>>> print(open('entry.csv').read())   # CSV, N, CA and C atoms
chain,number,residue,atom,x,y,z
A,20,MET,N,104.3,96.5,83.0
A,20,MET,CA,104.9,97.3,84.1
A,20,MET,C,103.9,98.1,84.8
A,21,LEU,N,103.0,98.8,84.1
A,21,LEU,CA,102.0,99.6,84.7
A,21,LEU,C,101.0,98.7,85.6
A,22,GLU,N,100.7,97.6,85.0
A,22,GLU,CA,99.7,96.7,85.7
A,22,GLU,C,100.4,96.2,87.0
A,23,ARG,N,101.7,95.8,87.0
A,23,ARG,CA,102.3,95.4,88.2
A,23,ARG,C,102.4,96.5,89.2
A,24,SER,N,102.8,97.7,88.8
A,24,SER,CA,102.9,98.8,89.7
A,24,SER,C,101.6,99.2,90.3
A,25,LYS,N,100.5,99.1,89.5
A,25,LYS,CA,99.2,99.4,90.0
A,25,LYS,C,98.8,98.5,91.2
A,26,TRP,N,99.1,97.3,91.1
A,26,TRP,CA,98.7,96.4,92.2
A,26,TRP,C,99.7,96.5,93.4
A,27,GLU,N,100.9,96.7,93.1
A,27,GLU,CA,101.9,96.9,94.2
A,27,GLU,C,101.7,98.2,95.0
A,28,LEU,N,101.3,99.2,94.3
A,28,LEU,CA,101.1,100.5,95.0
A,28,LEU,C,99.7,100.8,95.5
A,29,GLN,N,98.7,99.9,95.0
A,29,GLN,CA,97.3,100.2,95.4
A,29,GLN,C,97.0,100.3,96.8
A,30,PRO,N,97.6,99.4,97.7
A,30,PRO,CA,97.2,99.6,99.1
A,30,PRO,C,97.6,101.0,99.7
A,31,GLN,N,98.7,101.5,99.3
A,31,GLN,CA,99.2,102.8,99.8
A,31,GLN,C,98.5,104.0,99.1
A,32,LEU,N,98.0,103.8,97.9
A,32,LEU,CA,97.5,105.0,97.2
A,32,LEU,C,95.9,105.0,97.1
A,33,GLU,N,95.3,103.9,97.4
A,33,GLU,CA,93.8,103.9,97.4
A,33,GLU,C,93.3,104.8,98.5
A,34,ARG,N,92.4,105.7,98.1
A,34,ARG,CA,91.8,106.6,99.1
A,34,ARG,C,90.3,106.5,99.1
A,35,ARG,N,89.8,106.6,100.3
A,35,ARG,CA,88.3,106.6,100.5
A,35,ARG,C,87.9,108.0,100.6
A,36,THR,N,86.9,108.4,99.9
A,36,THR,CA,86.4,109.8,100.0
A,36,THR,C,84.9,109.8,100.0
A,37,ARG,N,84.3,110.7,100.7
A,37,ARG,CA,82.8,110.8,100.7
A,37,ARG,C,82.3,111.9,99.8
A,38,ARG,N,83.2,112.7,99.2
A,38,ARG,CA,82.8,113.8,98.4
A,38,ARG,C,82.6,113.5,97.0
A,39,SER,N,83.6,112.8,96.4
A,39,SER,CA,83.5,112.5,94.9
A,39,SER,C,84.3,111.3,94.7
A,40,GLN,N,84.5,111.0,93.4
A,40,GLN,CA,85.3,109.8,93.0
A,40,GLN,C,86.8,110.1,93.3
A,41,ALA,N,87.4,109.2,94.0
A,41,ALA,CA,88.8,109.3,94.2
A,41,ALA,C,89.5,108.9,92.9
A,42,LEU,N,90.7,109.4,92.6
A,42,LEU,CA,91.4,109.0,91.4
A,42,LEU,C,91.9,107.6,91.5
A,43,PRO,N,91.6,106.8,90.5
A,43,PRO,CA,92.1,105.4,90.6
A,43,PRO,C,93.6,105.3,90.7
A,44,THR,N,94.1,104.2,91.2
A,44,THR,CA,95.6,104.1,91.4
A,44,THR,C,96.3,104.2,90.1
A,45,HIS,N,95.9,103.6,89.1
A,45,HIS,CA,96.6,103.6,87.8
A,45,HIS,C,96.6,105.1,87.2
A,46,THR,N,95.6,105.8,87.5
A,46,THR,CA,95.6,107.2,87.0
A,46,THR,C,96.6,108.0,87.8
A,47,GLN,N,96.7,107.8,89.1
A,47,GLN,CA,97.7,108.5,90.0
A,47,GLN,C,99.1,108.2,89.5
A,48,VAL,N,99.3,106.9,89.2
A,48,VAL,CA,100.7,106.5,88.7
A,48,VAL,C,101.0,107.2,87.4
A,49,LEU,N,100.0,107.2,86.5
A,49,LEU,CA,100.3,107.8,85.2
A,49,LEU,C,100.5,109.3,85.3
A,50,LEU,N,99.7,110.0,86.1
A,50,LEU,CA,99.8,111.4,86.3
A,50,LEU,C,101.2,111.8,86.8
A,51,ALA,N,101.6,111.0,87.8
A,51,ALA,CA,102.9,111.3,88.4
A,51,ALA,C,104.0,111.0,87.4
A,52,LEU,N,104.0,109.9,86.7
A,52,LEU,CA,105.0,109.6,85.7
A,52,LEU,C,105.0,110.7,84.6
A,53,ARG,N,103.9,111.2,84.2
A,53,ARG,CA,103.8,112.2,83.2
A,53,ARG,C,104.4,113.5,83.7
A,54,PHE,N,104.1,113.9,84.9
A,54,PHE,CA,104.7,115.1,85.5
A,54,PHE,C,106.2,115.0,85.6
A,55,LEU,N,106.7,113.8,86.2
A,55,LEU,CA,108.1,113.7,86.4
A,55,LEU,C,108.9,113.6,85.1
A,56,ALA,N,108.3,113.0,84.1
A,56,ALA,CA,109.0,112.8,82.8
A,56,ALA,C,109.0,114.1,81.9
A,57,SER,N,108.0,114.9,82.1
A,57,SER,CA,107.8,116.0,81.2
A,57,SER,C,108.6,117.3,81.6
A,58,GLY,N,108.8,117.5,82.8
A,58,GLY,CA,109.4,118.7,83.3
A,58,GLY,C,108.5,119.9,83.2
A,59,SER,N,107.2,119.6,83.1
A,59,SER,CA,106.1,120.6,82.9
A,59,SER,C,105.7,121.1,84.3
A,60,PHE,N,104.6,121.8,84.4
A,60,PHE,CA,104.1,122.3,85.6
A,60,PHE,C,102.8,121.5,86.0
A,61,GLN,N,102.5,121.5,87.3
A,61,GLN,CA,101.4,120.7,87.8
A,61,GLN,C,100.1,121.1,87.1
A,62,HIS,N,99.9,122.4,86.9
A,62,HIS,CA,98.6,122.8,86.3
A,62,HIS,C,98.5,122.4,84.9
A,63,VAL,N,99.6,122.3,84.2
A,63,VAL,CA,99.6,121.9,82.8
A,63,VAL,C,99.2,120.4,82.7
A,64,ILE,N,99.8,119.6,83.6
A,64,ILE,CA,99.4,118.1,83.6
A,64,ILE,C,98.0,118.0,84.0
A,65,GLY,N,97.5,118.8,85.0
A,65,GLY,CA,96.2,118.7,85.5
A,65,GLY,C,95.2,119.1,84.4
A,66,ASP,N,95.5,120.2,83.7
A,66,ASP,CA,94.6,120.7,82.6
A,66,ASP,C,94.5,119.6,81.5
A,67,THR,N,95.6,119.0,81.2
A,67,THR,CA,95.6,117.9,80.1
A,67,THR,C,94.7,116.7,80.6
A,68,ALA,N,94.8,116.4,81.8
A,68,ALA,CA,94.1,115.2,82.3
A,68,ALA,C,92.7,115.5,82.9
A,69,GLY,N,92.3,116.8,83.0
A,69,GLY,CA,91.1,117.2,83.6
A,69,GLY,C,91.0,117.0,85.1
A,70,VAL,N,92.2,117.3,85.8
A,70,VAL,CA,92.4,117.2,87.2
A,70,VAL,C,92.9,118.5,87.7
A,71,THR,N,92.5,118.9,88.9
A,71,THR,CA,93.0,120.2,89.4
A,71,THR,C,94.5,120.1,89.8
A,72,GLN,N,95.1,121.3,89.8
A,72,GLN,CA,96.5,121.4,90.3
A,72,GLN,C,96.6,120.9,91.7
A,73,ALA,N,95.7,121.2,92.5
A,73,ALA,CA,95.7,120.7,93.9
A,73,ALA,C,95.7,119.2,94.0
A,74,SER,N,94.9,118.5,93.1
A,74,SER,CA,94.9,117.1,93.1
A,74,SER,C,96.2,116.5,92.6
A,75,ILE,N,96.8,117.2,91.6
A,75,ILE,CA,98.1,116.7,91.1
A,75,ILE,C,99.1,116.8,92.2
A,76,SER,N,99.1,117.9,93.0
A,76,SER,CA,100.1,118.1,94.1
A,76,SER,C,99.9,117.0,95.1
A,77,ARG,N,98.7,116.6,95.5
A,77,ARG,CA,98.5,115.5,96.4
A,77,ARG,C,98.9,114.2,95.9
A,78,VAL,N,98.6,114.0,94.6
A,78,VAL,CA,99.0,112.7,94.0
A,78,VAL,C,100.6,112.6,94.0
A,79,LEU,N,101.2,113.7,93.6
A,79,LEU,CA,102.7,113.7,93.6
A,79,LEU,C,103.3,113.4,94.9
A,80,ASP,N,102.7,114.0,95.9
A,80,ASP,CA,103.2,113.8,97.3
A,80,ASP,C,103.0,112.4,97.7
A,81,ARG,N,101.9,111.8,97.4
A,81,ARG,CA,101.7,110.4,97.8
A,81,ARG,C,102.6,109.4,97.0
A,82,ILE,N,102.6,109.6,95.7
A,82,ILE,CA,103.4,108.7,94.8
A,82,ILE,C,104.9,108.8,95.2
A,83,CYS,N,105.4,110.0,95.4
A,83,CYS,CA,106.8,110.2,95.7
A,83,CYS,C,107.1,109.6,97.1
A,84,THR,N,106.2,109.7,98.1
A,84,THR,CA,106.4,109.1,99.4
A,84,THR,C,106.4,107.6,99.3
A,85,VAL,N,105.4,107.0,98.5
A,85,VAL,CA,105.4,105.6,98.4
A,85,VAL,C,106.6,105.1,97.7
A,86,LEU,N,107.0,105.7,96.6
A,86,LEU,CA,108.2,105.3,95.9
A,86,LEU,C,109.5,105.4,96.7
A,87,SER,N,109.6,106.5,97.5
A,87,SER,CA,110.7,106.6,98.4
A,87,SER,C,110.8,105.5,99.4
A,88,ASP,N,109.6,105.2,100.0
A,88,ASP,CA,109.5,104.1,101.0
A,88,ASP,C,109.9,102.8,100.3
A,89,LYS,N,109.4,102.6,99.1
A,89,LYS,CA,109.6,101.3,98.4
A,89,LYS,C,111.1,101.2,97.9
A,90,SER,N,111.7,102.3,97.7
A,90,SER,CA,113.1,102.3,97.2
A,90,SER,C,114.0,101.7,98.2
A,91,VAL,N,113.7,101.8,99.5
A,91,VAL,CA,114.5,101.3,100.6
A,91,VAL,C,114.6,99.7,100.5
A,92,GLN,N,113.4,99.2,100.0
A,92,GLN,CA,113.3,97.7,99.9
A,92,GLN,C,113.9,97.2,98.6
A,93,GLU,N,113.8,98.0,97.5
A,93,GLU,CA,114.1,97.6,96.2
A,93,GLU,C,115.5,97.9,95.6
A,94,ILE,N,116.0,99.0,96.1
A,94,ILE,CA,117.3,99.5,95.5
A,94,ILE,C,118.4,99.1,96.5
A,95,LYS,N,119.2,98.1,96.1
A,95,LYS,CA,120.3,97.6,96.9
A,95,LYS,C,121.5,97.4,96.1
A,96,MET,N,122.6,97.7,96.7
A,96,MET,CA,123.9,97.5,96.0
A,96,MET,C,124.2,96.0,96.1
A,97,PRO,N,124.9,95.4,95.2
A,97,PRO,CA,125.2,94.0,95.3
A,97,PRO,C,126.0,93.7,96.6
A,98,PRO,N,125.5,92.7,97.3
A,98,PRO,CA,126.1,92.5,98.7
A,98,PRO,C,127.4,91.7,98.7
A,99,THR,N,127.7,91.0,97.7
A,99,THR,CA,129.0,90.2,97.8
A,99,THR,C,129.9,90.6,96.6
A,100,ASN,N,131.2,90.2,96.8
A,100,ASN,CA,132.2,90.5,95.7
A,100,ASN,C,131.8,89.7,94.5
A,101,ILE,N,131.3,88.5,94.7
A,101,ILE,CA,131.0,87.6,93.5
A,101,ILE,C,129.8,88.3,92.7
A,102,GLU,N,128.8,88.8,93.4
A,102,GLU,CA,127.7,89.5,92.7
A,102,GLU,C,128.2,90.8,92.1
A,103,ARG,N,129.1,91.5,92.7
A,103,ARG,CA,129.6,92.8,92.1
A,103,ARG,C,130.4,92.5,90.8
A,104,ARG,N,131.2,91.4,90.9
A,104,ARG,CA,131.9,91.1,89.7
A,104,ARG,C,131.0,90.6,88.5
A,105,ARG,N,130.0,89.9,88.9
A,105,ARG,CA,129.0,89.4,87.8
A,105,ARG,C,128.3,90.6,87.2
A,106,ILE,N,127.9,91.5,88.0
A,106,ILE,CA,127.2,92.7,87.4
A,106,ILE,C,128.2,93.6,86.6
A,107,ALA,N,129.4,93.7,87.1
A,107,ALA,CA,130.5,94.5,86.4
A,107,ALA,C,130.7,93.8,85.0
A,108,ARG,N,130.7,92.5,85.0
A,108,ARG,CA,130.9,91.8,83.7
A,108,ARG,C,129.8,92.2,82.7
A,109,LYS,N,128.6,92.3,83.2
A,109,LYS,CA,127.4,92.6,82.4
A,109,LYS,C,127.6,94.0,81.8
A,110,PHE,N,127.9,95.0,82.7
A,110,PHE,CA,128.1,96.4,82.2
A,110,PHE,C,129.3,96.4,81.1
A,111,LEU,N,130.3,95.6,81.4
A,111,LEU,CA,131.4,95.6,80.4
A,111,LEU,C,131.0,95.0,79.1
A,112,ARG,N,130.1,94.0,79.1
A,112,ARG,CA,129.6,93.4,77.9
A,112,ARG,C,128.6,94.3,77.1
A,113,ILE,N,127.8,95.0,77.9
A,113,ILE,CA,126.8,95.9,77.3
A,113,ILE,C,127.4,97.1,76.6
A,114,GLN,N,128.2,97.9,77.2
A,114,GLN,CA,128.8,99.1,76.7
A,114,GLN,C,130.3,99.3,76.9
A,115,ASN,N,130.9,98.2,77.3
A,115,ASN,CA,132.4,98.3,77.5
A,115,ASN,C,132.7,99.3,78.7
A,116,PHE,N,131.9,99.3,79.7
A,116,PHE,CA,132.1,100.1,80.9
A,116,PHE,C,132.9,99.2,81.9
A,117,PRO,N,134.1,99.5,82.2
A,117,PRO,CA,134.9,98.7,83.2
A,117,PRO,C,134.5,99.1,84.6
A,118,ARG,N,134.5,98.1,85.5
A,118,ARG,CA,134.3,98.2,86.9
A,118,ARG,C,133.0,99.0,87.3
A,119,VAL,N,131.9,98.9,86.6
A,119,VAL,CA,130.7,99.5,86.9
A,119,VAL,C,129.7,98.5,87.5
A,120,ILE,N,129.1,98.9,88.6
A,120,ILE,CA,128.1,98.0,89.2
A,120,ILE,C,126.7,98.6,89.4
A,121,GLY,N,126.6,99.8,88.9
A,121,GLY,CA,125.3,100.5,89.1
A,121,GLY,C,125.3,101.8,88.2
A,122,ALA,N,124.1,102.4,88.2
A,122,ALA,CA,124.0,103.6,87.4
A,122,ALA,C,123.0,104.5,88.0
A,123,ILE,N,123.2,105.8,87.8
A,123,ILE,CA,122.2,106.8,88.2
A,123,ILE,C,121.8,107.7,87.0
A,124,ASP,N,120.7,108.4,87.1
A,124,ASP,CA,120.3,109.3,86.1
A,124,ASP,C,119.7,110.5,86.8
A,125,GLY,N,119.6,111.6,86.0
A,125,GLY,CA,119.1,112.8,86.6
A,125,GLY,C,118.2,113.6,85.6
A,126,THR,N,117.4,114.4,86.2
A,126,THR,CA,116.6,115.3,85.4
A,126,THR,C,116.2,116.6,86.2
A,127,HIS,N,115.7,117.6,85.5
A,127,HIS,CA,115.3,118.8,86.1
A,127,HIS,C,113.8,118.7,86.2
A,128,VAL,N,113.2,118.9,87.4
A,128,VAL,CA,111.8,119.0,87.6
A,128,VAL,C,111.4,120.5,87.8
A,129,ALA,N,110.6,121.0,86.9
A,129,ALA,CA,110.2,122.4,87.0
A,129,ALA,C,109.4,122.7,88.2
A,130,ILE,N,109.7,123.9,88.8
A,130,ILE,CA,109.0,124.4,90.0
A,130,ILE,C,108.7,125.8,89.8
A,131,LYS,N,107.8,126.3,90.6
A,131,LYS,CA,107.6,127.8,90.7
A,131,LYS,C,108.8,128.4,91.3
A,132,ALA,N,109.1,129.6,90.9
A,132,ALA,CA,110.2,130.3,91.4
A,132,ALA,C,110.0,130.5,92.9
A,133,PRO,N,111.0,130.1,93.8
A,133,PRO,CA,110.8,130.3,95.2
A,133,PRO,C,111.1,131.7,95.6
A,134,SER,N,110.6,132.2,96.7
A,134,SER,CA,110.8,133.6,97.1
A,134,SER,C,112.1,133.8,97.8
A,135,VAL,N,112.7,132.7,98.3
A,135,VAL,CA,114.0,132.7,99.0
A,135,VAL,C,115.0,132.0,98.1
A,136,ASP,N,116.2,132.7,97.9
A,136,ASP,CA,117.3,132.1,97.1
A,136,ASP,C,116.8,131.7,95.7
A,137,GLU,N,116.0,132.5,95.1
A,137,GLU,CA,115.4,132.2,93.8
A,137,GLU,C,116.5,131.9,92.7
A,138,ALA,N,117.6,132.6,92.7
A,138,ALA,CA,118.6,132.4,91.7
A,138,ALA,C,119.2,131.0,91.8
A,139,LEU,N,119.2,130.4,92.9
A,139,LEU,CA,119.8,129.0,93.1
A,139,LEU,C,119.0,128.0,92.3
A,140,TYR,N,117.8,128.2,92.0
A,140,TYR,CA,116.9,127.3,91.3
A,140,TYR,C,116.7,127.5,89.8
A,141,PHE,N,117.4,128.5,89.3
A,141,PHE,CA,117.3,128.9,87.9
A,141,PHE,C,118.3,128.1,87.1
A,142,ASN,N,117.9,127.2,86.2
A,142,ASN,CA,118.8,126.3,85.6
A,142,ASN,C,119.3,126.9,84.2
A,143,ARG,N,120.2,126.2,83.6
A,143,ARG,CA,120.8,126.6,82.3
A,143,ARG,C,119.8,126.7,81.2
A,144,LYS,N,118.7,126.0,81.3
A,144,LYS,CA,117.7,126.1,80.3
A,144,LYS,C,116.7,127.2,80.5
A,145,ARG,N,117.0,128.0,81.5
A,145,ARG,CA,116.3,129.3,81.8
A,145,ARG,C,114.9,129.1,82.4
A,146,TYR,N,114.8,128.1,83.3
A,146,TYR,CA,113.6,128.0,84.1
A,146,TYR,C,114.0,127.5,85.5
A,147,HIS,N,113.1,127.6,86.4
A,147,HIS,CA,113.4,127.2,87.8
A,147,HIS,C,113.1,125.7,87.9
A,148,SER,N,114.0,125.0,88.6
A,148,SER,CA,113.8,123.5,88.7
A,148,SER,C,114.6,123.0,89.9
A,149,LEU,N,114.3,121.7,90.2
A,149,LEU,CA,115.1,121.0,91.2
A,149,LEU,C,115.8,119.9,90.3
A,150,ASN,N,117.1,119.8,90.6
A,150,ASN,CA,117.9,118.8,89.9
A,150,ASN,C,117.8,117.5,90.7
A,151,ILE,N,117.2,116.5,90.1
A,151,ILE,CA,116.9,115.2,90.8
A,151,ILE,C,117.7,114.1,90.2
A,152,GLN,N,118.3,113.3,91.0
A,152,GLN,CA,119.0,112.1,90.6
A,152,GLN,C,118.4,110.9,91.1
A,153,LEU,N,118.4,109.8,90.3
A,153,LEU,CA,117.8,108.5,90.8
A,153,LEU,C,118.9,107.4,90.6
A,154,VAL,N,118.8,106.4,91.4
A,154,VAL,CA,119.7,105.2,91.2
A,154,VAL,C,118.9,104.3,90.4
>>> encode(input="entry.csv", output="structure tokens")
Amino acid sequence: MLERSKWELQPQLERRTRRSQALPTHTQVLLALRFLASGSFQHVIGDTAGVTQASISRVLDRICTVLSDKSVQEIKMPPTNIERRRIARKFLRIQNFPRVIGAIDGTHVAIKAPSVDEALYFNRKRYHSLNIQLV
């Protein structure tokens, strides 16, 4: 999976720089996945990987933009009734879920406490976060 995503995302993520070595595409993907999966902070991920918090922020911005653009092409609801019924049968076989044709999941992504409406971002686990859902 990583190898496929590396090549698919490389044209959008590859950067030319005159100052120092740009982060390789696969490193950018891994850093973003680690950040999104961990619920940690950018500086913690950066410290672990030997990358600055500013670099992590830029990587996350690029990766999330590329994935958002790609989602428009890749995430589609089944277009026909026949296809919807076929998928619903699979969900029924897998876990006995009737009339299901798709799934979403969610997670909390940790953030610094915002200066405006700070209490709105304080979650039940006692840290500030954005509640993110994915199809």
>>> select_by_dssp(input="entry.csv", residues="chain A", states="strand (DSSP E)", output="PyMOL selection string")
chain A and resi 124-129+148-153
>>> atom_distance(input="entry.csv", atom1="CA of Val119 in chain A", atom2="atom C of Ala107 in chain A")
6.0 Å
>>> atom_distance(input="entry.csv", atom1="CA of Ser148 in chain A", atom2="CA of Ile130 in chain A")
5.1 Å
>>> closest_residue(input="entry.csv", among="A:Ile106, A:Leu28, A:Leu55, A:Ala73", to="Pro43 in chain A", atoms="only C-alpha atoms")
A:Leu28
>>> atom_distance(input="entry.csv", atom1="CA of Gln47 in chain A", atom2="CA of Val78 in chain A")
5.9 Å
>>> closest_residue(input="entry.csv", among="A:Asn100, A:His45, A:Val128, A:Asp88", to="Tyr140 in chain A", atoms="only C-alpha atoms")
A:Val128
>>> closest_residue(input="entry.csv", among="A:Leu42, A:Arg112, A:Lys131, A:Ala56", to="Val70 in chain A", atoms="only C-alpha atoms")
A:Leu42
>>> residues_around(input="entry.csv", residues="Asn150 in chain A", least_positions_apart="6", cutoff="7 Å", atoms="only C-alpha atoms", output="list in words")
Gly125, Thr126, His127 and Val128 of chain A
>>> write_last_selection(input="entry.csv", atoms="N, CA and C atoms", output="CSV table (one decimal), in the coordinates of the input")
chain,number,residue,atom,x,y,z
A,125,GLY,N,119.6,111.6,86.0
A,125,GLY,CA,119.1,112.8,86.6
A,125,GLY,C,118.2,113.6,85.6
A,126,THR,N,117.4,114.4,86.2
A,126,THR,CA,116.6,115.3,85.4
A,126,THR,C,116.2,116.6,86.2
A,127,HIS,N,115.7,117.6,85.5
A,127,HIS,CA,115.3,118.8,86.1
A,127,HIS,C,113.8,118.7,86.2
A,128,VAL,N,113.2,118.9,87.4
A,128,VAL,CA,111.8,119.0,87.6
A,128,VAL,C,111.4,120.5,87.8
>>> residues_near_point(input="entry.csv", point="(104.4, 103.9, 98.5)", cutoff="8 Å", atoms="only N, CA and C atoms", output="PyMOL selection string")
chain A and resi 27-32+81-90
>>> residues_around(input="entry.csv", residues="Arg118 in chain A", least_positions_apart="4", cutoff="10 Å", atoms="only C-alpha atoms", output="list in words")
Arg103, Arg104, Ile106, Ala107, Arg108, Lys109, Phe110 and Leu111 of chain A
>>> closest_residue(input="entry.csv", among="A:Val63, A:Ala132, A:Leu79, A:Asp124", to="His147 in chain A", atoms="all atoms listed in the file")
A:Ala132
>>> residues_around(input="entry.csv", residues="Ile123 in chain A", least_positions_apart="5", cutoff="12 Å", atoms="only C-alpha atoms", output="PyMOL selection string")
chain A and resi 94+151-154
>>> axis_aligned_box(input="entry.csv", around="range 54-72 of chain A", padding_each_side="4 Å", output="lines of an AutoDock Vina configuration file")
center_x = 100.2
center_y = 117.8
center_z = 85.9
size_x = 26.4
size_y = 18.0
size_z = 19.6
>>> select_by_dssp(input="entry.csv", residues="chain A", states="alpha helix (DSSP H)", output="PyMOL selection string")
chain A and resi 21-32+44-57+61-68+72-93+100-114
